Protein chains: 2
Amino acid sequence: MKKTKVLILGFGTVGRGVSEALGGNSGFEIAGVASSKGAITEPGALSASELARLASPAKGLSDSPAFKAFDSKNDSLWLCENAEYDALVELAPTNLVDAEPSLSHMKAALSRGKSVVTANKGPIALHYYELKALAGENNALLRFEATVGGAIPVFSAARGLYGDEIQSINGILNGTTNYILSRMESEKLPFNVALKEAQELGYAERDPTSDVEGGDAAAKITILANAIMDLHVHFKDVRKTGISRVTPELIEFALQEKKRVKLIASAFRDEHGVARAEVAPKLVPNENPLSSISGTLNAITLECTLAGPLTFAGKGAGKNPTASAVLNDLAEIGKALENKK
Amino acid sequence: MKKTKVLILGFGTVGRGVSEALGGNSGFEIAGVASSKGAITEPGALSASELARLASPAKGLSDSPAFKAFDSKNDSLWLCENAEYDALVELAPTNLVDAEPSLSHMKAALSRGKSVVTANKGPIALHYYELKALAGENNALLRFEATVGGAIPVFSAARGLYGDEIQSINGILNGTTNYILSRMESEKLPFNVALKEAQELGYAERDPTSDVEGGDAAAKITILANAIMDLHVHFKDVRKTGISRVTPELIEFALQEKKRVKLIASAFRDEHGVARAEVAPKLVPNENPLSSISGTLNAITLECTLAGPLTFAGKGAGKNPTASAVLNDLAEIGKALENKK
């Protein structure tokens with residue numbers, strides 16, 4: 001079996017996890033690894049042990065003698081357009097305004113018939129249909145399992161549901177808000193105190209708006225709605241209600257009713273057949289599997305015509321869970337390349 | 001795309017569901033449908049509408065003018081050996097003593113290089129390694145998603161976990177006992193009363209031993225242990241403790257500890273590296289996704305090295321959920337047949 005040649009863009013937490021995992025895997029060959037500042041593309045410079053060294057927290061790509069800083073002619077986009085590889089792994093930071101520079105990277109790869117794997121929500125939430133068409137025209141694959149629910153294999157499971165129909169999607173897609181709600185429940189904390197605790201533990205950002213007001217979950221439900229149900233939902237149209245107005249009293253009331261308060265992202269067709277996506281706190285009954293998803297876990301329920309409700313739960317983020325999802329996507333691309341021959 | 005030709009053995013609840021679903025699906029052609037008494041193999045006699053008519057509760061295969069009763073020369077095994085088909089769908093009743101007649105059916109098909117899909121636990125729990133080897137030697141596929149957890153796509157998810165390692169499996173694999181435990185908890189019923197209620201509702205058999213004492217769950221954890229973790233577990237060696245001695249007092253104690261009593265089937269390697277499988281009631285903490293699996297739902301957690309815990313939940317049985325799993329398996333076989341050409 002021929003090795004799949006991989007170009008990795010991004011050397012943050014996820015990029016390091018993926019580089020290490022691929023470095024030790026015999027099915028893949030790393031054509032290059034780039035950060036925003038430069039790249040290593042000399043094949044001999046990317047042994048498994050050297051990748052592990054560079055991926056350790058105190059190091060970076062520029063600690064390699066083979067590191068070349070980008071200049072005006074030679075940057076990450078140039079690599080996408082010119083390097084020799086089978087699959088691009090795009091792991092640059094998420095940008096939900098215009099999805100750049102990742103969007104241009106992906107388009108450059110797909111236009112050349114190179115498959116793309118990403119953990120980056122921006123391009124998929126904002127430009128899914130455009131990227132999907134480009135992949136189709138160029139006989140390439142576009143995979144993005146890690147963009148929603150971390151390690152949870154929800155997109156591959158949905159692709160495997162042959163002859164069934166998915167009627168709706170409901171999920172807990174944001175670990176920060178789920179952690180805050182779990183702490184508000186177990187410790188009877190007000191929202192502000194639980195948020196501060198989450199910030200101190202590194203589960204919430206200094207500016208927590210995107211998590212707390214539902215923006216992150218809105219991007220993820222947009223991806224699920226379009227990729228799984230083909231609903232043609234626009235990210236900016238997702239109706240969002242955050243958790244900042246959830247009170248300990250509401251949570252206590254829910255518990256007495258044998259329910260829990262959860263920030264639920266939903267996609268469905270309403271009674272007029274209109275595609276809808278929304279994010280809002282909801283009271284989830286104890287007998288619903290989503291009710292026990294606590295802490296930073298994520299979960300997604302697909303309501304299917306034949307199968308009924310199928311729920312998938314797991315770690316929603318983190319270096320290793322994200323690397324796991326990226327590896328599974330790459331392996332699928334490797335198999336597809338084999339079958340093409 | 002060429003249609004996959006399917007031979008269906010079994011026309012009980014699941015066989016009817018699968019026949020109806022396949023009859024209406026353009027990817028498949030039904031080569032024949034058989035019950036224990038006889039078969040219909042005339043292609044023209046198996047239109048979608050005729051299959052739907054025969055599959056209705058008051059009808060059966062013998063209501064077709066094309067039905068031929070089996071005789072000493074022409075029976076279901078003869079069909080497996082001689083009929084023209086690509087995939088055998090084996091849906092005869094489960095037999096956990098010697099797995100017959102299903103085992104012989106499957107061997108006959110695999111020996112001819114025909115792929116096999118089954119919802120029947122017997123042959124897979126008792127003879128997995130033999131059947132797997134036979135499939136491999138003859139370049140055929142063996143698929144059994146519906147044998148464990150009904151519609152839950154746990155085997156396909158595990159196959160998709162590339163480059164990850166599954167360290168243990170824990171599941172709620174028996175809907176009858178989970179229903180009884182749920183009712184004991186919510187209505188504070190003693191075991192015998194909850195069992196009687198389950199029997200009246202059709203969720204428990206008249207002789208409930210196999211469910212209540214853990215035999216059914218033991219067969220399913222054997223299948224998971226071998227097919228997902230390659231543990232070489234023998235069904236008869238699975239240590240079983242049933243739920244008949246669970247008391248309302250234990251359940252109440254668990255609730256006060258923020259736990260729930262669940263019948264958990266587990267597979268793992270112990271501290272000496274020895275493969276182990278067991279079924280026993282356990283106290284599951286509220287923050288474990290398995291704790292909220294209530295009623296007749298099933299759920300399975302795969303503990304993975306990179307991905308962490310991945311939990312899959314859904315309907316553990318029933319006509320449509322089982323048909324969904326069988327269809328997914330058949331679609332995978334159809335794709336493999338395409339790639340072979």
# chains A, B, ... in the order shown; residues from 1 in each chain; ligands from 1
>>> interface_residues(of="chain B", to="chain A", cutoff="6 Å", atoms="only C-alpha atoms", output="list in words")
Ala151, Leu161, Tyr162, Glu287, Pro289, Ser292, Ile293, Ser294, Leu306, Ala307, Pro309, Leu310, Thr311, Phe312, Ala313, Gly314, Asn320, Pro321, Ser324 and Asn328 of chain B
>>> write_last_selection(atoms="all heavy atoms", output="compact mmCIF listing (two decimals), in the first residue's frame")
# COMPACT_ATOMS: atom_id res chain seq x y z
N ALA B 151 -29.66 -0.63 16.21
CA ALA B 151 -29.30 0.33 15.17
C ALA B 151 -27.98 1.04 15.44
O ALA B 151 -27.47 1.76 14.59
CB ALA B 151 -30.40 1.37 15.05
N LEU B 161 -11.95 3.84 13.45
CA LEU B 161 -10.98 4.43 14.39
C LEU B 161 -9.58 4.00 14.00
O LEU B 161 -8.99 3.09 14.57
CB LEU B 161 -11.28 4.00 15.83
CG LEU B 161 -12.53 4.63 16.44
CD1 LEU B 161 -12.81 4.01 17.79
CD2 LEU B 161 -12.37 6.13 16.57
N TYR B 162 -9.03 4.70 13.04
CA TYR B 162 -7.74 4.33 12.49
C TYR B 162 -6.63 4.90 13.36
O TYR B 162 -6.67 6.07 13.73
CB TYR B 162 -7.64 4.88 11.08
CG TYR B 162 -6.38 4.50 10.39
CD1 TYR B 162 -6.31 3.33 9.66
CD2 TYR B 162 -5.26 5.29 10.51
CE1 TYR B 162 -5.14 2.96 9.04
CE2 TYR B 162 -4.08 4.93 9.89
CZ TYR B 162 -4.03 3.76 9.16
OH TYR B 162 -2.87 3.40 8.56
N GLU B 287 -22.49 11.42 36.06
CA GLU B 287 -21.77 12.13 34.99
C GLU B 287 -21.26 11.17 33.90
O GLU B 287 -20.65 11.62 32.94
CB GLU B 287 -20.63 12.98 35.56
CG GLU B 287 -19.54 12.20 36.25
CD GLU B 287 -19.80 12.03 37.75
OE1 GLU B 287 -20.97 12.15 38.18
OE2 GLU B 287 -18.84 11.75 38.48
N PRO B 289 -22.13 9.02 30.72
CA PRO B 289 -23.25 9.00 29.76
C PRO B 289 -24.10 7.73 29.86
O PRO B 289 -25.30 7.77 29.55
CB PRO B 289 -22.56 9.10 28.40
CG PRO B 289 -21.29 9.84 28.67
CD PRO B 289 -20.86 9.39 30.05
N SER B 292 -27.71 7.73 31.97
CA SER B 292 -29.02 8.23 31.53
C SER B 292 -29.67 7.35 30.47
O SER B 292 -30.68 7.73 29.88
CB SER B 292 -28.88 9.65 30.98
OG SER B 292 -28.11 9.62 29.81
N ILE B 293 -29.10 6.18 30.22
CA ILE B 293 -29.69 5.27 29.22
C ILE B 293 -30.85 4.55 29.90
O ILE B 293 -30.65 3.66 30.71
CB ILE B 293 -28.63 4.27 28.71
CG1 ILE B 293 -27.43 5.02 28.12
CG2 ILE B 293 -29.22 3.30 27.70
CD1 ILE B 293 -27.77 6.01 27.02
N SER B 294 -32.08 4.96 29.56
CA SER B 294 -33.22 4.41 30.29
C SER B 294 -34.14 3.64 29.36
O SER B 294 -33.99 3.68 28.14
CB SER B 294 -33.96 5.54 30.99
OG SER B 294 -34.48 6.42 30.04
N LEU B 306 -6.38 7.60 22.03
CA LEU B 306 -6.34 8.99 21.59
C LEU B 306 -7.68 9.69 21.80
O LEU B 306 -7.74 10.79 22.35
CB LEU B 306 -6.00 9.08 20.09
CG LEU B 306 -4.55 8.93 19.65
CD1 LEU B 306 -4.47 9.01 18.13
CD2 LEU B 306 -3.68 10.01 20.28
N ALA B 307 -8.75 9.07 21.35
CA ALA B 307 -10.06 9.75 21.34
C ALA B 307 -10.65 9.89 22.74
O ALA B 307 -11.50 10.73 22.97
CB ALA B 307 -11.04 8.99 20.44
N PRO B 309 -13.08 8.41 25.85
CA PRO B 309 -14.30 7.59 25.82
C PRO B 309 -15.25 8.06 24.73
O PRO B 309 -15.59 9.23 24.64
CB PRO B 309 -14.91 7.83 27.20
CG PRO B 309 -14.42 9.18 27.61
CD PRO B 309 -13.06 9.36 26.97
N LEU B 310 -15.68 7.12 23.88
CA LEU B 310 -16.69 7.42 22.86
C LEU B 310 -17.92 6.58 23.19
O LEU B 310 -17.82 5.35 23.28
CB LEU B 310 -16.19 7.05 21.47
CG LEU B 310 -15.08 7.91 20.87
CD1 LEU B 310 -14.62 7.32 19.54
CD2 LEU B 310 -15.55 9.35 20.68
N THR B 311 -19.07 7.23 23.37
CA THR B 311 -20.28 6.51 23.74
C THR B 311 -21.30 6.60 22.61
O THR B 311 -21.51 7.67 22.03
CB THR B 311 -20.89 7.09 25.02
OG1 THR B 311 -19.92 7.00 26.06
CG2 THR B 311 -22.14 6.34 25.44
N PHE B 312 -21.91 5.46 22.29
CA PHE B 312 -22.90 5.37 21.22
C PHE B 312 -24.19 4.82 21.83
O PHE B 312 -24.16 3.77 22.47
CB PHE B 312 -22.42 4.42 20.13
CG PHE B 312 -21.05 4.77 19.59
CD1 PHE B 312 -19.91 4.24 20.17
CD2 PHE B 312 -20.92 5.64 18.53
CE1 PHE B 312 -18.64 4.57 19.68
CE2 PHE B 312 -19.66 5.98 18.04
CZ PHE B 312 -18.53 5.45 18.62
N ALA B 313 -25.31 5.52 21.63
CA ALA B 313 -26.57 5.07 22.23
C ALA B 313 -27.68 5.05 21.19
O ALA B 313 -27.68 5.86 20.25
CB ALA B 313 -26.95 6.00 23.38
N GLY B 314 -28.64 4.15 21.37
CA GLY B 314 -29.76 4.08 20.44
C GLY B 314 -30.66 2.91 20.78
O GLY B 314 -30.49 2.25 21.81
N ASN B 320 -37.56 -1.82 12.75
CA ASN B 320 -36.91 -0.80 11.92
C ASN B 320 -35.46 -0.53 12.31
O ASN B 320 -34.60 -0.42 11.42
CB ASN B 320 -37.72 0.50 11.94
CG ASN B 320 -38.97 0.37 11.10
OD1 ASN B 320 -39.05 -0.47 10.20
ND2 ASN B 320 -39.96 1.19 11.39
N PRO B 321 -35.14 -0.40 13.60
CA PRO B 321 -33.73 -0.22 13.95
C PRO B 321 -32.84 -1.36 13.44
O PRO B 321 -31.75 -1.13 12.92
CB PRO B 321 -33.74 -0.16 15.48
CG PRO B 321 -35.10 0.36 15.82
CD PRO B 321 -36.01 -0.24 14.79
N SER B 324 -32.41 -1.08 9.74
CA SER B 324 -31.47 -0.01 9.43
C SER B 324 -30.04 -0.52 9.47
O SER B 324 -29.24 -0.28 8.56
CB SER B 324 -31.66 1.14 10.44
OG SER B 324 -30.61 2.07 10.36
N ASN B 328 -27.32 -0.88 6.31
CA ASN B 328 -26.00 -0.24 6.30
C ASN B 328 -24.90 -1.25 5.98
O ASN B 328 -23.98 -0.96 5.21
CB ASN B 328 -25.72 0.43 7.66
CG ASN B 328 -26.69 1.56 7.96
OD1 ASN B 328 -27.34 2.08 7.06
ND2 ASN B 328 -26.79 1.92 9.22
>>> select_by_dssp(residues="range 68-255 of chain B", states="alpha helix (DSSP H)", output="short mmCIF file (atom, residue, chain, number, x, y, z; two decimals) with C-alpha atoms, in the first residue's frame")
data_model
loop_
_atom_site.label_atom_id
_atom_site.label_comp_id
_atom_site.auth_asym_id
_atom_site.auth_seq_id
_atom_site.Cartn_x
_atom_site.Cartn_y
_atom_site.Cartn_z
CA SER B 76 -32.55 -23.17 3.06
CA LEU B 77 -29.06 -24.72 3.12
CA TRP B 78 -29.49 -25.83 -0.49
CA LEU B 79 -30.39 -22.24 -1.39
CA CYS B 80 -27.23 -20.91 0.30
CA GLU B 81 -25.20 -23.44 -1.68
CA ASN B 82 -26.91 -23.07 -5.06
CA SER B 102 -27.58 -20.34 10.81
CA LEU B 103 -23.95 -21.36 11.20
CA SER B 104 -24.21 -23.85 8.31
CA HIS B 105 -26.00 -21.26 6.16
CA MET B 106 -23.23 -18.74 6.70
CA LYS B 107 -20.44 -21.23 6.09
CA ALA B 108 -22.08 -22.34 2.85
CA ALA B 109 -22.31 -18.75 1.63
CA LEU B 110 -18.81 -17.68 2.70
CA SER B 111 -17.26 -20.83 1.18
CA LYS B 121 -26.08 -13.42 17.71
CA GLY B 122 -25.57 -17.20 17.81
CA PRO B 123 -23.01 -17.81 15.04
CA ILE B 124 -21.04 -14.63 15.83
CA ALA B 125 -20.95 -15.18 19.60
CA LEU B 126 -19.96 -18.85 19.23
CA HIS B 127 -17.93 -19.04 15.98
CA TYR B 128 -16.64 -15.56 15.15
CA TYR B 129 -13.03 -16.49 14.45
CA GLU B 130 -13.94 -19.46 12.28
CA LEU B 131 -16.38 -17.41 10.21
CA LYS B 132 -13.95 -14.50 9.94
CA ALA B 133 -11.21 -16.79 8.63
CA LEU B 134 -13.59 -18.35 6.11
CA ALA B 135 -14.63 -14.89 4.89
CA GLY B 136 -10.99 -13.84 4.56
CA GLU B 137 -9.99 -16.98 2.64
CA VAL B 154 -20.65 0.52 16.91
CA PHE B 155 -18.78 -1.95 14.70
CA SER B 156 -18.54 0.46 11.79
CA ALA B 157 -17.42 3.22 14.17
CA ALA B 158 -14.72 0.95 15.60
CA ARG B 159 -13.52 0.05 12.09
CA GLY B 175 -33.13 -3.65 26.83
CA THR B 176 -35.29 -5.91 29.02
CA THR B 177 -33.12 -5.60 32.13
CA ASN B 178 -32.56 -1.89 31.51
CA TYR B 179 -36.32 -1.36 31.29
CA ILE B 180 -36.85 -3.30 34.53
CA LEU B 181 -34.14 -1.31 36.36
CA SER B 182 -35.56 1.98 35.02
CA ARG B 183 -39.04 1.09 36.31
CA MET B 184 -37.68 -0.12 39.67
CA GLU B 185 -36.02 3.29 40.00
CA SER B 186 -38.78 5.60 38.78
CA GLU B 187 -41.72 3.76 40.44
CA PHE B 191 -37.83 -6.64 40.92
CA ASN B 192 -40.66 -9.19 40.60
CA VAL B 193 -43.32 -6.54 40.02
CA ALA B 194 -41.22 -4.71 37.43
CA LEU B 195 -40.47 -8.01 35.66
CA LYS B 196 -44.17 -8.89 35.53
CA GLU B 197 -44.96 -5.47 34.06
CA ALA B 198 -42.23 -5.92 31.43
CA GLN B 199 -43.67 -9.32 30.54
CA GLU B 200 -47.18 -7.88 30.17
CA THR B 209 -33.85 -16.18 32.27
CA SER B 210 -31.61 -15.30 29.32
CA ASP B 211 -32.26 -11.57 29.74
CA VAL B 212 -32.49 -11.34 33.53
CA GLY B 215 -27.00 -14.53 29.08
CA ASP B 216 -28.11 -12.22 26.26
CA ALA B 217 -25.71 -9.48 27.35
CA ALA B 218 -22.94 -12.10 27.68
CA ALA B 219 -23.41 -13.14 24.04
CA LYS B 220 -23.24 -9.51 22.96
CA ILE B 221 -20.13 -8.60 24.98
CA THR B 222 -18.45 -11.73 23.56
CA ILE B 223 -19.12 -10.40 20.05
CA LEU B 224 -17.84 -6.90 20.92
CA ALA B 225 -14.77 -8.25 22.74
CA ASN B 226 -13.72 -10.41 19.81
CA ALA B 227 -14.72 -8.29 16.82
CA ILE B 228 -13.56 -4.93 18.21
CA MET B 229 -10.72 -5.82 20.62
CA PRO B 248 -35.25 -0.99 45.52
CA GLU B 249 -33.07 -0.17 48.54
CA LEU B 250 -29.87 -0.54 46.49
CA ILE B 251 -31.33 1.67 43.78
CA GLU B 252 -32.32 4.30 46.36
CA PHE B 253 -28.85 4.18 47.92
CA ALA B 254 -27.32 4.69 44.46
CA LEU B 255 -29.55 7.69 43.77
#
>>> atom_distance(atom1="CA of Lys3 in chain B", atom2="CA of Ala55 in chain B")
22.2 Å
>>> atom_distance(atom1="CA of Ala92 in chain A", atom2="CA of Leu9 in chain A")
6.4 Å
>>> residues_around(residues="Thr118 in chain A", least_positions_apart="2", cutoff="8 Å", atoms="only C-alpha atoms", output="PyMOL selection string")
chain A and resi 89-91+116+120+143-147+326
>>> atom_distance(atom1="CA of Val284 in chain A", atom2="CA of Ala280 in chain B")
28.7 Å
>>> closest_residue(among="A:Pro93, A:Pro43, A:Pro208, A:Gly171", to="Phe11 in chain A", atoms="only C-alpha atoms")
A:Pro93
>>> select_by_dssp(residues="range 154-322 of chain A", states="strand (DSSP E or B)", output="MDAnalysis selection string")
chainID A and resid 166:172 239:240 259:269 275:285 297:304 308:315
>>> decode(residues="range 308-319 of chain A", atoms="N, CA, C and O atoms", output="compact mmCIF listing (two decimals), in the first residue's frame")
# COMPACT_ATOMS: atom_id res chain seq x y z
N GLY A 308 -34.30 5.40 14.49
CA GLY A 308 -34.72 6.13 15.67
C GLY A 308 -33.61 7.06 16.11
O GLY A 308 -32.74 7.42 15.31
N PRO A 309 -33.58 7.46 17.39
CA PRO A 309 -32.53 8.39 17.83
C PRO A 309 -31.20 7.67 18.04
O PRO A 309 -31.14 6.66 18.72
N LEU A 310 -30.15 8.20 17.42
CA LEU A 310 -28.80 7.69 17.64
C LEU A 310 -27.99 8.80 18.28
O LEU A 310 -27.89 9.90 17.73
N THR A 311 -27.42 8.53 19.46
CA THR A 311 -26.66 9.55 20.18
C THR A 311 -25.19 9.16 20.23
O THR A 311 -24.85 8.00 20.52
N PHE A 312 -24.32 10.13 19.96
CA PHE A 312 -22.88 9.93 19.96
C PHE A 312 -22.27 10.92 20.94
O PHE A 312 -22.52 12.11 20.82
N ALA A 313 -21.47 10.43 21.89
CA ALA A 313 -20.90 11.32 22.90
C ALA A 313 -19.41 11.08 23.03
O ALA A 313 -18.92 9.97 22.83
N GLY A 314 -18.67 12.14 23.38
CA GLY A 314 -17.23 12.01 23.57
C GLY A 314 -16.59 13.34 23.87
O GLY A 314 -17.29 14.34 24.07
N LYS A 315 -15.27 13.34 23.88
CA LYS A 315 -14.55 14.57 24.19
C LYS A 315 -14.68 15.54 23.02
O LYS A 315 -14.39 15.20 21.88
N GLY A 316 -15.08 16.78 23.35
CA GLY A 316 -15.38 17.75 22.30
C GLY A 316 -14.17 18.51 21.81
O GLY A 316 -14.26 19.23 20.81
N ALA A 317 -13.04 18.37 22.48
CA ALA A 317 -11.86 19.14 22.09
C ALA A 317 -10.63 18.49 22.69
O ALA A 317 -10.72 17.46 23.35
N GLY A 318 -9.47 19.12 22.47
CA GLY A 318 -8.23 18.62 23.04
C GLY A 318 -7.32 18.06 21.96
O GLY A 318 -7.76 17.66 20.89
N LYS A 319 -6.03 18.04 22.29
CA LYS A 319 -5.00 17.63 21.34
C LYS A 319 -5.24 16.21 20.80
O LYS A 319 -5.35 16.01 19.59
